[in-house]
>>> print(open('protein-v5.txt').read())   # compact mmCIF, C-alpha atoms and all ligand atoms
# COMPACT_ATOMS: atom_id res chain seq x y z
CA MET X 26 0.00 0.00 0.00
CA ASP X 27 1.62 3.24 -1.12
CA PHE X 28 0.37 6.45 0.47
CA THR X 29 2.79 8.74 -1.37
CA ILE X 30 1.07 11.83 -2.69
CA PRO X 31 2.22 12.49 -6.27
CA GLU X 32 4.47 15.54 -6.54
CA GLU X 33 2.17 16.88 -9.25
CA TYR X 34 -0.71 17.14 -6.74
CA ARG X 35 1.53 18.83 -4.19
CA ALA X 36 2.72 21.32 -6.79
CA LEU X 37 -0.87 22.13 -7.81
CA LYS X 38 -1.77 22.64 -4.16
CA ARG X 39 1.13 25.09 -3.75
CA VAL X 40 -0.09 27.03 -6.79
CA ALA X 41 -3.63 27.07 -5.34
CA ARG X 42 -2.33 28.25 -1.97
CA ARG X 43 -0.52 31.17 -3.60
CA PHE X 44 -3.65 32.00 -5.59
CA VAL X 45 -5.71 32.05 -2.38
CA GLU X 46 -3.20 34.34 -0.66
CA GLU X 47 -2.78 36.74 -3.56
CA GLU X 48 -6.21 36.77 -5.21
CA CYS X 49 -8.84 35.61 -2.70
CA LYS X 50 -7.81 36.78 0.75
CA PRO X 51 -7.58 40.50 -0.13
CA LEU X 52 -11.25 40.37 -1.25
CA GLU X 53 -12.68 38.43 1.68
CA GLU X 54 -13.65 41.41 3.82
CA GLU X 55 -15.49 43.18 1.02
CA ILE X 56 -17.46 40.07 0.09
CA GLU X 57 -18.38 39.45 3.71
CA ARG X 58 -19.49 43.07 4.11
CA ASN X 59 -21.54 43.24 0.90
CA ASN X 60 -22.74 39.64 1.02
CA ASP X 61 -22.05 39.60 -2.67
CA ILE X 62 -19.48 38.35 -5.13
CA PRO X 63 -20.17 40.10 -8.43
CA LYS X 64 -20.29 37.88 -11.48
CA GLU X 65 -17.57 39.91 -13.22
CA LEU X 66 -15.29 39.10 -10.30
CA MET X 67 -16.21 35.41 -10.44
CA LEU X 68 -15.38 35.38 -14.15
CA LYS X 69 -12.12 37.24 -13.64
CA LEU X 70 -10.91 34.95 -10.86
CA ALA X 71 -12.05 31.82 -12.68
CA LYS X 72 -10.09 32.93 -15.75
CA LYS X 73 -6.97 33.58 -13.66
CA SER X 74 -7.20 30.16 -12.05
CA VAL X 75 -7.68 28.55 -15.49
CA ASP X 76 -4.50 30.29 -16.65
CA ILE X 77 -2.47 28.87 -13.77
CA GLY X 78 -3.91 25.37 -14.24
CA ILE X 79 -5.93 24.83 -11.06
CA TYR X 80 -9.50 25.11 -12.39
CA ALA X 81 -11.73 22.21 -13.46
CA LEU X 82 -8.95 19.83 -12.56
CA ASP X 83 -11.01 16.65 -12.80
CA GLN X 84 -12.69 17.49 -16.11
CA PRO X 85 -11.56 15.85 -19.36
CA GLU X 86 -8.51 17.40 -21.01
CA GLU X 87 -10.15 17.35 -24.43
CA TYR X 88 -12.68 19.93 -23.17
CA GLY X 89 -10.11 22.09 -21.41
CA GLY X 90 -10.10 20.38 -18.01
CA GLY X 91 -7.10 19.15 -16.06
CA GLY X 92 -7.67 15.45 -16.77
CA GLN X 93 -7.02 14.58 -13.11
CA GLY X 94 -9.08 12.49 -10.73
CA LEU X 95 -10.97 13.25 -7.54
CA LEU X 96 -7.96 12.66 -5.28
CA CYS X 97 -6.11 15.51 -6.95
CA ARG X 98 -9.20 17.73 -6.58
CA VAL X 99 -9.43 16.87 -2.89
CA ILE X 100 -5.80 17.77 -2.24
CA VAL X 101 -6.04 21.05 -4.15
CA ALA X 102 -9.40 21.84 -2.47
CA GLU X 103 -7.53 21.87 0.86
CA ALA X 104 -5.86 25.10 -0.23
CA PHE X 105 -9.28 26.70 -0.71
CA GLY X 106 -10.26 25.73 2.84
CA SER X 107 -8.34 28.70 4.14
CA THR X 108 -10.48 31.28 2.40
CA ILE X 109 -14.18 32.16 2.60
CA ASP X 110 -16.67 29.54 1.45
CA ALA X 111 -17.76 31.65 -1.53
CA PHE X 112 -14.30 31.15 -3.04
CA GLY X 113 -14.04 27.62 -1.76
CA PHE X 114 -17.26 26.77 -3.51
CA LEU X 115 -16.34 28.61 -6.69
CA PHE X 116 -13.00 26.86 -7.07
CA SER X 117 -13.74 23.45 -5.65
CA GLY X 118 -17.37 23.07 -6.71
CA GLY X 119 -18.56 21.67 -10.03
CA ASP X 120 -19.03 17.97 -10.67
CA SER X 121 -18.20 15.75 -13.61
CA MET X 122 -21.79 14.84 -14.49
CA ILE X 123 -21.84 16.65 -17.84
CA ALA X 124 -18.61 14.90 -18.77
CA ARG X 125 -20.05 11.54 -17.70
CA TYR X 126 -23.64 11.81 -18.84
CA GLY X 127 -23.76 14.68 -21.32
CA ASN X 128 -24.30 14.17 -25.05
CA ASP X 129 -21.74 15.52 -27.53
CA GLU X 130 -23.72 18.69 -28.10
CA GLN X 131 -23.95 19.43 -24.34
CA LYS X 132 -20.25 18.80 -23.90
CA GLU X 133 -19.33 21.21 -26.70
CA LYS X 134 -21.83 23.84 -25.63
CA TYR X 135 -21.39 23.71 -21.86
CA LEU X 136 -18.41 21.68 -20.76
CA ARG X 137 -15.83 23.64 -22.72
CA PRO X 138 -16.91 27.07 -21.35
CA LEU X 139 -17.36 25.55 -17.88
CA CYS X 140 -13.78 24.28 -17.95
CA ASN X 141 -12.58 27.65 -19.23
CA GLY X 142 -14.28 29.47 -16.35
CA GLU X 143 -16.60 31.32 -18.73
CA MET X 144 -19.81 29.71 -17.51
CA PHE X 145 -21.24 28.60 -14.17
CA VAL X 146 -23.70 25.86 -13.35
CA ALA X 147 -26.08 25.63 -10.35
CA ILE X 148 -27.73 22.59 -8.79
CA GLY X 149 -31.52 22.65 -8.56
CA MET X 150 -32.87 19.73 -6.58
CA THR X 151 -34.30 21.10 -3.30
CA GLU X 152 -37.88 22.39 -3.23
CA PRO X 153 -40.13 23.82 -0.52
CA ASP X 154 -41.67 20.37 0.13
CA ALA X 155 -38.72 18.22 -0.85
CA GLY X 156 -35.44 18.60 1.03
CA SER X 157 -34.19 15.29 2.39
CA ASP X 158 -37.04 13.53 0.63
CA VAL X 159 -35.77 14.19 -2.88
CA ALA X 160 -38.15 11.62 -4.39
CA ASN X 161 -40.99 13.95 -3.41
CA ILE X 162 -40.02 16.79 -5.76
CA GLN X 163 -43.05 18.39 -7.40
CA THR X 164 -41.39 20.11 -10.36
CA THR X 165 -42.59 18.38 -13.50
CA ALA X 166 -41.28 18.12 -17.05
CA GLU X 167 -43.93 17.12 -19.56
CA ARG X 168 -43.10 16.07 -23.05
CA ASP X 169 -44.50 18.28 -25.79
CA GLY X 170 -43.33 16.96 -29.15
CA ASP X 171 -39.57 17.45 -29.27
CA ASN X 172 -39.60 19.62 -26.14
CA PHE X 173 -40.20 19.31 -22.41
CA VAL X 174 -42.23 21.89 -20.51
CA ILE X 175 -41.00 22.46 -16.94
CA ASN X 176 -43.23 23.76 -14.14
CA GLY X 177 -42.45 24.08 -10.45
CA ASN X 178 -40.47 25.84 -7.72
CA LYS X 179 -36.98 25.24 -6.37
CA ARG X 180 -35.21 26.71 -3.38
CA PHE X 181 -31.71 26.84 -1.93
CA THR X 182 -30.21 26.76 -5.41
CA THR X 183 -26.84 28.31 -4.69
CA TRP X 184 -25.97 31.03 -7.19
CA ALA X 185 -28.93 30.34 -9.50
CA ASP X 186 -28.95 34.10 -10.13
CA VAL X 187 -25.41 34.24 -11.53
CA SER X 188 -25.29 30.84 -13.17
CA ASP X 189 -25.65 30.31 -16.89
CA ILE X 190 -27.21 26.90 -16.59
CA ILE X 191 -29.03 24.99 -13.87
CA LYS X 192 -29.19 21.26 -13.50
CA VAL X 193 -32.87 20.88 -12.71
CA TRP X 194 -34.34 17.66 -11.38
CA THR X 195 -37.92 17.05 -12.45
CA VAL X 196 -40.62 14.40 -12.34
CA THR X 197 -41.14 12.91 -15.79
CA ASP X 198 -43.18 9.93 -14.61
CA LYS X 199 -45.43 10.48 -11.59
CA VAL X 200 -46.03 6.77 -11.10
CA LYS X 201 -42.42 5.64 -11.24
CA ARG X 202 -40.96 8.66 -9.37
CA ALA X 203 -37.85 7.42 -7.48
CA LYS X 204 -37.91 4.21 -9.52
CA GLY X 205 -37.07 5.76 -12.87
CA GLY X 206 -39.45 8.73 -12.94
CA ILE X 207 -37.02 11.55 -12.10
CA THR X 208 -35.02 13.21 -14.86
CA CYS X 209 -32.36 15.91 -14.89
CA PHE X 210 -32.29 18.75 -17.45
CA LEU X 211 -29.70 21.38 -18.23
CA VAL X 212 -31.71 24.58 -18.35
CA GLU X 213 -30.14 27.80 -19.60
CA THR X 214 -31.08 30.58 -17.21
CA ASP X 215 -32.15 32.93 -20.00
CA THR X 216 -34.86 30.47 -21.08
CA PRO X 217 -38.30 32.18 -20.99
CA GLY X 218 -40.33 30.91 -18.04
CA PHE X 219 -37.36 30.66 -15.68
CA SER X 220 -36.99 33.32 -13.00
CA VAL X 221 -35.30 33.82 -9.64
CA SER X 222 -38.00 35.03 -7.27
CA ASN X 223 -36.08 35.55 -4.04
CA ILE X 224 -32.65 35.36 -2.43
CA GLN X 225 -32.71 34.13 1.17
CA GLU X 226 -30.60 35.67 3.93
CA THR X 227 -28.47 33.08 5.71
CA MET X 228 -26.41 32.78 8.89
CA GLY X 229 -23.11 32.42 7.08
CA ASN X 230 -21.55 31.61 3.73
CA ARG X 231 -21.87 35.23 2.75
CA GLY X 232 -21.53 36.05 -0.91
CA MET X 233 -23.19 32.79 -1.90
CA HIS X 234 -26.73 33.57 -2.96
CA GLN X 235 -29.35 31.04 -1.89
CA CYS X 236 -32.01 31.44 -4.54
CA GLU X 237 -35.65 30.52 -4.85
CA GLU X 238 -36.74 30.15 -8.43
CA THR X 239 -39.77 29.42 -10.51
CA PHE X 240 -40.26 27.45 -13.70
CA GLU X 241 -43.44 28.48 -15.45
CA ASN X 242 -44.03 26.68 -18.74
CA CYS X 243 -40.27 26.80 -19.18
CA THR X 244 -39.80 24.95 -22.46
CA VAL X 245 -36.52 23.20 -23.25
CA PRO X 246 -35.55 20.91 -26.13
CA SER X 247 -35.41 17.20 -25.32
CA GLN X 248 -31.66 17.30 -26.13
CA SER X 249 -31.19 19.30 -22.92
CA MET X 250 -31.90 16.17 -20.88
CA LEU X 251 -28.81 15.09 -18.95
CA GLY X 252 -28.43 11.33 -19.25
CA ASN X 253 -31.48 9.26 -20.02
CA GLU X 254 -35.07 9.80 -19.01
CA GLY X 255 -35.54 8.46 -15.48
CA GLU X 256 -31.82 8.49 -14.68
CA GLY X 257 -32.01 11.64 -12.55
CA LEU X 258 -31.53 10.14 -9.10
CA THR X 259 -28.51 8.12 -10.20
CA ILE X 260 -26.88 11.28 -11.54
CA PHE X 261 -27.80 13.16 -8.36
CA GLY X 262 -26.28 10.45 -6.14
CA LYS X 263 -23.04 10.43 -8.11
CA SER X 264 -22.83 14.20 -8.14
CA TYR X 265 -23.24 14.38 -4.37
CA ALA X 266 -20.79 11.54 -3.73
CA GLU X 267 -18.16 13.37 -5.76
CA GLY X 268 -18.90 16.66 -4.02
CA ARG X 269 -18.33 15.10 -0.63
CA GLY X 270 -14.74 14.39 -1.57
CA ARG X 271 -14.05 17.99 -2.55
CA HIS X 272 -15.92 19.46 0.41
CA GLY X 273 -14.02 17.03 2.63
CA GLY X 274 -10.79 18.43 1.20
CA ARG X 275 -11.88 21.97 1.95
CA ALA X 276 -12.86 20.95 5.48
CA ILE X 277 -9.35 19.57 6.06
CA GLY X 278 -7.87 22.87 4.84
CA THR X 279 -10.11 24.98 7.08
CA ALA X 280 -9.44 22.80 10.12
CA GLU X 281 -5.70 22.96 9.53
CA MET X 282 -5.80 26.72 9.33
CA LEU X 283 -7.72 26.84 12.63
CA LEU X 284 -5.23 24.48 14.26
CA GLU X 285 -2.32 26.67 13.14
CA MET X 286 -4.06 29.74 14.57
CA CYS X 287 -4.60 27.90 17.87
CA ARG X 288 -0.97 26.77 17.99
CA ASP X 289 0.25 30.34 17.50
CA TYR X 290 -2.22 31.84 19.96
CA ALA X 291 -1.66 29.20 22.65
CA ASN X 292 2.08 29.88 22.49
CA ILE X 293 1.80 33.63 22.95
CA ARG X 294 -1.27 34.17 25.13
CA VAL X 295 -0.07 34.29 28.73
CA GLN X 296 -2.39 33.86 31.70
CA PHE X 297 -1.39 33.10 35.27
CA GLY X 298 2.22 33.69 34.23
CA LYS X 299 2.42 30.98 31.56
CA PRO X 300 1.38 30.55 27.91
CA ILE X 301 -2.04 28.88 27.85
CA GLY X 302 -0.48 26.20 25.60
CA GLU X 303 1.22 24.83 28.69
CA ARG X 304 -2.14 23.95 30.25
CA GLN X 305 -3.41 20.43 29.75
CA PHE X 306 -6.97 21.45 28.94
CA ILE X 307 -5.66 23.50 26.01
CA GLN X 308 -3.20 20.78 24.98
CA GLY X 309 -6.02 18.23 24.96
CA MET X 310 -8.08 20.37 22.59
CA ILE X 311 -5.09 20.89 20.31
CA ALA X 312 -4.29 17.18 20.26
CA ASP X 313 -7.91 16.28 19.51
CA MET X 314 -7.99 18.77 16.65
CA ALA X 315 -4.87 17.18 15.13
CA ILE X 316 -6.28 13.65 15.51
CA ASP X 317 -9.57 14.73 13.93
CA ILE X 318 -7.79 16.29 10.94
CA TYR X 319 -5.58 13.27 10.43
CA ALA X 320 -8.53 10.87 10.51
CA THR X 321 -10.53 13.02 8.10
CA ARG X 322 -7.61 13.21 5.71
CA MET X 323 -7.14 9.43 5.67
CA LEU X 324 -10.87 8.84 5.20
CA THR X 325 -11.29 11.41 2.45
CA TYR X 326 -8.16 10.45 0.50
CA ASN X 327 -9.07 6.78 0.63
CA PHE X 328 -12.60 7.58 -0.52
CA ALA X 329 -11.33 9.72 -3.41
CA TRP X 330 -8.83 7.06 -4.42
CA LYS X 331 -11.59 4.44 -4.53
CA TYR X 332 -13.76 6.80 -6.56
CA ASP X 333 -10.92 7.22 -9.05
CA GLN X 334 -10.61 3.41 -9.30
CA GLY X 335 -14.24 3.27 -10.35
CA MET X 336 -15.38 1.54 -7.15
CA ASP X 337 -18.87 2.00 -5.76
CA VAL X 338 -18.41 4.63 -3.05
CA ARG X 339 -22.02 5.48 -2.19
CA HIS X 340 -21.72 4.00 1.29
CA ASP X 341 -18.29 5.54 1.90
CA SER X 342 -19.49 8.94 0.72
CA SER X 343 -22.11 9.06 3.49
CA MET X 344 -19.47 8.24 6.09
CA VAL X 345 -17.09 10.86 4.70
CA LYS X 346 -19.84 13.48 4.75
CA VAL X 347 -20.78 12.87 8.39
CA PHE X 348 -17.18 12.69 9.52
CA PHE X 349 -15.74 15.77 7.84
CA SER X 350 -18.70 18.00 8.68
CA GLU X 351 -18.75 17.05 12.36
CA MET X 352 -14.97 17.18 12.59
CA LEU X 353 -15.05 20.72 11.25
CA CYS X 354 -17.72 21.83 13.71
CA ARG X 355 -15.73 20.32 16.61
CA VAL X 356 -12.51 21.99 15.46
CA ALA X 357 -14.19 25.39 14.97
CA ASP X 358 -15.71 25.14 18.43
CA SER X 359 -12.35 24.29 20.04
CA ALA X 360 -10.65 27.08 18.11
CA MET X 361 -13.10 29.58 19.54
CA GLN X 362 -12.65 28.19 23.05
CA ILE X 363 -8.85 28.36 22.85
CA HIS X 364 -9.02 31.99 21.69
CA GLY X 365 -11.39 32.95 24.52
CA GLY X 366 -13.19 36.27 24.09
CA VAL X 367 -11.21 37.44 21.07
CA GLY X 368 -12.30 34.30 19.22
CA TYR X 369 -15.84 35.58 19.49
CA THR X 370 -14.94 38.97 17.99
CA THR X 371 -14.59 39.82 14.33
CA GLU X 372 -10.90 40.55 14.94
CA PHE X 373 -10.26 36.87 14.10
CA PRO X 374 -11.95 34.85 11.32
CA ILE X 375 -13.04 32.18 13.82
CA GLU X 376 -16.56 33.54 14.41
CA ARG X 377 -17.13 33.69 10.65
CA ILE X 378 -15.85 30.14 10.16
CA TYR X 379 -17.95 28.96 13.12
CA ARG X 380 -21.06 30.28 11.37
CA ASP X 381 -20.04 29.03 7.93
CA VAL X 382 -19.18 25.47 8.89
CA ARG X 383 -22.51 24.82 10.59
CA LEU X 384 -24.02 24.48 7.13
CA ARG X 385 -21.93 21.40 6.37
CA ARG X 386 -24.06 19.17 8.61
CA ILE X 387 -27.19 20.26 6.71
CA ALA X 388 -26.40 20.82 3.03
CA GLY X 389 -25.40 18.05 0.67
CA GLY X 390 -27.74 15.65 2.50
CA THR X 391 -28.21 16.06 6.26
CA ASN X 392 -26.12 13.97 8.61
CA GLU X 393 -29.27 12.27 9.92
CA ILE X 394 -30.02 11.03 6.41
CA GLN X 395 -26.41 9.89 5.93
CA ARG X 396 -26.55 7.94 9.21
CA TYR X 397 -29.82 6.40 8.09
CA ILE X 398 -28.18 5.29 4.82
CA ILE X 399 -25.13 3.86 6.58
CA ALA X 400 -27.23 1.96 9.12
CA ARG X 401 -29.64 0.72 6.46
CA ASN X 402 -26.74 -0.70 4.45
CA ILE X 403 -25.44 -2.51 7.52
CA LEU X 404 -28.78 -3.72 8.86
CA ARG X 405 -30.60 -4.65 5.69
CA LYS X 406 -27.95 -5.57 3.20
CA ASN X 407 -26.25 -8.08 5.47
CA ILE X 408 -22.79 -6.96 4.43
CA PRO X 409 -19.93 -7.98 6.71
CA VAL X 410 -19.13 -4.81 8.67
CA GLY X 411 -15.37 -5.13 8.22
CA GLU X 412 -15.70 -5.24 4.46
CA ILE X 413 -18.50 -2.81 4.11
CA SER X 414 -16.47 -0.13 2.42
CA GLU X 415 -15.74 -2.58 -0.38
CA TYR X 416 -19.47 -2.99 -0.97
CA ALA X 417 -20.48 -2.64 -4.59
C1 LIG I 1 -26.86 27.44 2.38
C2 LIG I 1 -27.52 26.28 1.69
C3 LIG I 1 -27.11 25.94 0.39
C4 LIG I 1 -27.76 24.91 -0.30
N1 LIG I 1 -27.44 24.67 -1.63
C5 LIG I 1 -28.22 23.83 -2.35
C6 LIG I 1 -28.06 23.75 -3.77
O1 LIG I 1 -27.21 24.40 -4.37
N2 LIG I 1 -28.91 22.94 -4.45
C7 LIG I 1 -29.89 22.20 -3.83
O2 LIG I 1 -30.62 21.48 -4.53
N3 LIG I 1 -30.05 22.26 -2.48
C8 LIG I 1 -29.27 23.06 -1.73
N4 LIG I 1 -29.45 23.18 -0.37
C9 LIG I 1 -30.52 22.41 0.26
C10 LIG I 1 -30.01 21.32 1.19
O3 LIG I 1 -29.48 20.25 0.44
C11 LIG I 1 -31.20 20.92 2.08
O4 LIG I 1 -31.40 22.00 2.99
C12 LIG I 1 -30.97 19.62 2.81
O5 LIG I 1 -30.95 18.53 1.91
C13 LIG I 1 -32.05 19.37 3.87
O6 LIG I 1 -33.34 19.57 3.37
P1 LIG I 1 -34.33 20.53 4.18
O7 LIG I 1 -33.63 21.81 4.45
O8 LIG I 1 -35.60 20.58 3.44
O9 LIG I 1 -34.55 19.82 5.57
P2 LIG I 1 -35.59 18.66 5.88
O10 LIG I 1 -35.48 17.56 4.90
O11 LIG I 1 -36.94 19.27 6.09
O12 LIG I 1 -35.06 18.13 7.29
C14 LIG I 1 -35.29 18.80 8.51
C15 LIG I 1 -34.70 17.94 9.63
O13 LIG I 1 -35.37 16.64 9.66
C16 LIG I 1 -34.41 15.63 9.51
N5 LIG I 1 -35.01 14.52 8.76
C17 LIG I 1 -35.66 14.57 7.57
N6 LIG I 1 -36.05 13.33 7.20
C18 LIG I 1 -35.59 12.48 8.15
C19 LIG I 1 -35.64 11.08 8.34
N7 LIG I 1 -36.23 10.28 7.45
N8 LIG I 1 -35.08 10.55 9.45
C20 LIG I 1 -34.47 11.35 10.34
N9 LIG I 1 -34.38 12.69 10.23
C21 LIG I 1 -34.93 13.25 9.15
C22 LIG I 1 -33.24 16.26 8.78
O14 LIG I 1 -32.05 15.54 8.98
C23 LIG I 1 -33.22 17.63 9.40
O15 LIG I 1 -32.58 17.54 10.66
C24 LIG I 1 -28.78 24.17 0.35
C25 LIG I 1 -29.15 24.48 1.67
C26 LIG I 1 -28.54 25.52 2.33
C27 LIG I 1 -29.01 25.87 3.73
>>> encode(input="protein-v5.txt", output="structure tokens")
Amino acid sequence: MDFTIPEEYRALKRVARRFVEEECKPLEEEIERNNDIPKELMLKLAKKSVDIGIYALDQPEEYGGGGQGLLCRVIVAEAFGSTIDAFGFLFSGGDSMIARYGNDEQKEKYLRPLCNGEMFVAIGMTEPDAGSDVANIQTTAERDGDNFVINGNKRFTTWADVSDIIKVWTVTDKVKRAKGGITCFLVETDTPGFSVSNIQETMGNRGMHQCEETFENCTVPSQSMLGNEGEGLTIFGKSYAEGRGRHGGRAIGTAEMLLEMCRDYANIRVQFGKPIGERQFIQGMIADMAIDIYATRMLTYNFAWKYDQGMDVRHDSSMVKVFFSEMLCRVADSAMQIHGGVGYTTEFPIERIYRDVRLRRIAGGTNEIQRYIIARNILRKNIPVGEISEYA
């Protein structure tokens, strides 16, 4: 078993780290203040990161991507963990579903500009009455000759307002539903009948717009279907599994940054005549943070490696999601505790991170649902527990 990280991945991570320091960090305060990241800025930064070779790393080379796998994306995503989530999401978001399921026309039209940072895509699954229960979505797509007519409402579609296309999950067969009745479409956001009706205020993740949108007789050609009719939930599952690797990478990066801040602070903050780092309560928190980060890294890298081997990682992806999100919340909490009162002020980024990371246990499938999936696999599928992560 060889755990050596290829030098190429390390080099890309160094490039990404420099990009974060030089291009992202100077803009953080403004984005936090305005709760906005203008599209021109997104385009400009995306273009710069394309030029230095760290954008769309796991997309096919023939369409302008980096031709790497998920493991490389995870390692590079760590560098984006040390900046605000708006940048983290911009540079480590994006799945490979168009590359995997798209037809030639979709790849030419969308994948190339997506890889070049000239276009953005949003994910439209969640609806007012369908969050965890994705099979209960109400948005429909009805065939009309060579077209499909989409009607319904979505919510929590991150950046639907600045995206050029939205992956929209719809019901195409009300009887089959989860069993082959849900279909994904690539809808261009300038299609008549599509509109963003509201942007919700949130606790953190400032700059990332959480949109509510409406589809009213929004008519798209049948060629805009992603994959086959009824294949929507499979595509959704794969997209989320992949995303958990990248978000896991970002979580490692954020936690490491917090640990470094704690190390520095614990060494210089003196109380009762000694640096607080000499107190066992503080040392315990620091040690636990390090153990948590190490475990998350091993779990996430192994998951990404398996994904790149083409193994079935649905079960693993749920475990990764629960582990990295709870690890990050624990680490952020300890970081605030170690910094005492100043950790609670805006002088340090800890309070912002504390707010931002809380989302991770909710979005991308709540941790309760992930635990349900993990337990269901163990209880009902009768898989030997020790070999469960090999389950296919
Ligand atoms: C900032 C933000 C960004 C997001 N971005 C996107 C996006 O880009 N695209 C998108 O499609 N969605 C997005 N989401 C939506 C997100 O995926 C959902 O919020 C999430 O899946 C949970 O759905 P819900 O909010 O409706 O909660 P609900 O499903 O209503 O759940 C409420 C609570 O009940 C629990 N619960 C539900 N069912 C069960 C069960 N069977 N057993 C035990 N507990 C259960 C949940 O775990 C949770 O604790 C985003 C959400 C947020 C807040």
>>> residues_around(input="protein-v5.txt", residues="X:Gly106", least_positions_apart="4", cutoff="10 Å", atoms="only C-alpha atoms", output="list in words")
Arg42, Val45, Val101, Ala102, Asp110, Phe112, Gly113, Phe114, Ser117, His272, Gly273, Gly274, Arg275, Ala276, Ile277, Gly278, Thr279, Ala280, Glu281 and Met282 of chain X
>>> closest_residue(input="protein-v5.txt", among="X:Asp83, X:Asp76, X:Asp186, X:Asp317", to="X:Val221", atoms="only C-alpha atoms")
X:Asp186
>>> closest_residue(input="protein-v5.txt", among="X:Arg271, X:Arg180, X:Arg294, X:Lys201", to="ligand LIG 1 (chain I)", atoms="only C-alpha atoms and all ligand atoms")
X:Arg180
>>> residues_near_ligand(input="protein-v5.txt", ligand="ligand LIG 1 (chain I)", cutoff="8 Å", atoms="only C-alpha atoms and all ligand atoms", output="MDAnalysis selection string")
chainID X and resid 147:158 179:184 227 229:230 233 235 384 387:394 397
>>> atom_distance(input="protein-v5.txt", atom1="atom CA of X:Gln93", atom2="atom CA of X:Leu139")
15.8 Å
>>> closest_residue(input="protein-v5.txt", among="X:Ser249, X:Ser359, X:Gln395, X:Thr165", to="X:Leu283", atoms="all atoms listed in the file")
X:Ser359
>>> atom_distance(input="protein-v5.txt", atom1="atom CA of X:Tyr88", atom2="atom CA of X:Pro246")
23.1 Å
>>> decode(input="protein-v5.txt", residues="stretch 319-363 of chain X", atoms="C-alpha atoms", output="CSV table (one decimal), in the first residue's frame")
chain,number,residue,atom,x,y,z
X,319,TYR,CA,-5.6,13.3,10.4
X,320,ALA,CA,-8.5,10.9,10.5
X,321,THR,CA,-10.5,13.0,8.1
X,322,ARG,CA,-7.6,13.2,5.7
X,323,MET,CA,-7.1,9.4,5.7
X,324,LEU,CA,-10.9,8.8,5.2
X,325,THR,CA,-11.3,11.4,2.5
X,326,TYR,CA,-8.2,10.5,0.5
X,327,ASN,CA,-9.1,6.8,0.6
X,328,PHE,CA,-12.6,7.6,-0.5
X,329,ALA,CA,-11.3,9.7,-3.4
X,330,TRP,CA,-8.8,7.1,-4.4
X,331,LYS,CA,-11.6,4.4,-4.5
X,332,TYR,CA,-13.8,6.8,-6.6
X,333,ASP,CA,-10.9,7.2,-9.0
X,334,GLN,CA,-10.6,3.4,-9.3
X,335,GLY,CA,-14.2,3.3,-10.4
X,336,MET,CA,-15.4,1.5,-7.1
X,337,ASP,CA,-18.9,2.0,-5.8
X,338,VAL,CA,-18.4,4.6,-3.1
X,339,ARG,CA,-22.0,5.5,-2.2
X,340,HIS,CA,-21.7,4.0,1.3
X,341,ASP,CA,-18.3,5.5,1.9
X,342,SER,CA,-19.5,8.9,0.7
X,343,SER,CA,-22.1,9.1,3.5
X,344,MET,CA,-19.5,8.2,6.1
X,345,VAL,CA,-17.1,10.9,4.7
X,346,LYS,CA,-19.8,13.5,4.7
X,347,VAL,CA,-20.8,12.9,8.4
X,348,PHE,CA,-17.2,12.7,9.5
X,349,PHE,CA,-15.7,15.8,7.8
X,350,SER,CA,-18.7,18.0,8.7
X,351,GLU,CA,-18.7,17.1,12.4
X,352,MET,CA,-15.0,17.2,12.6
X,353,LEU,CA,-15.1,20.7,11.2
X,354,CYS,CA,-17.7,21.8,13.7
X,355,ARG,CA,-15.7,20.3,16.6
X,356,VAL,CA,-12.5,22.0,15.5
X,357,ALA,CA,-14.2,25.4,15.0
X,358,ASP,CA,-15.7,25.1,18.4
X,359,SER,CA,-12.4,24.3,20.0
X,360,ALA,CA,-10.6,27.1,18.1
X,361,MET,CA,-13.1,29.6,19.5
X,362,GLN,CA,-12.6,28.2,23.0
X,363,ILE,CA,-8.9,28.4,22.9
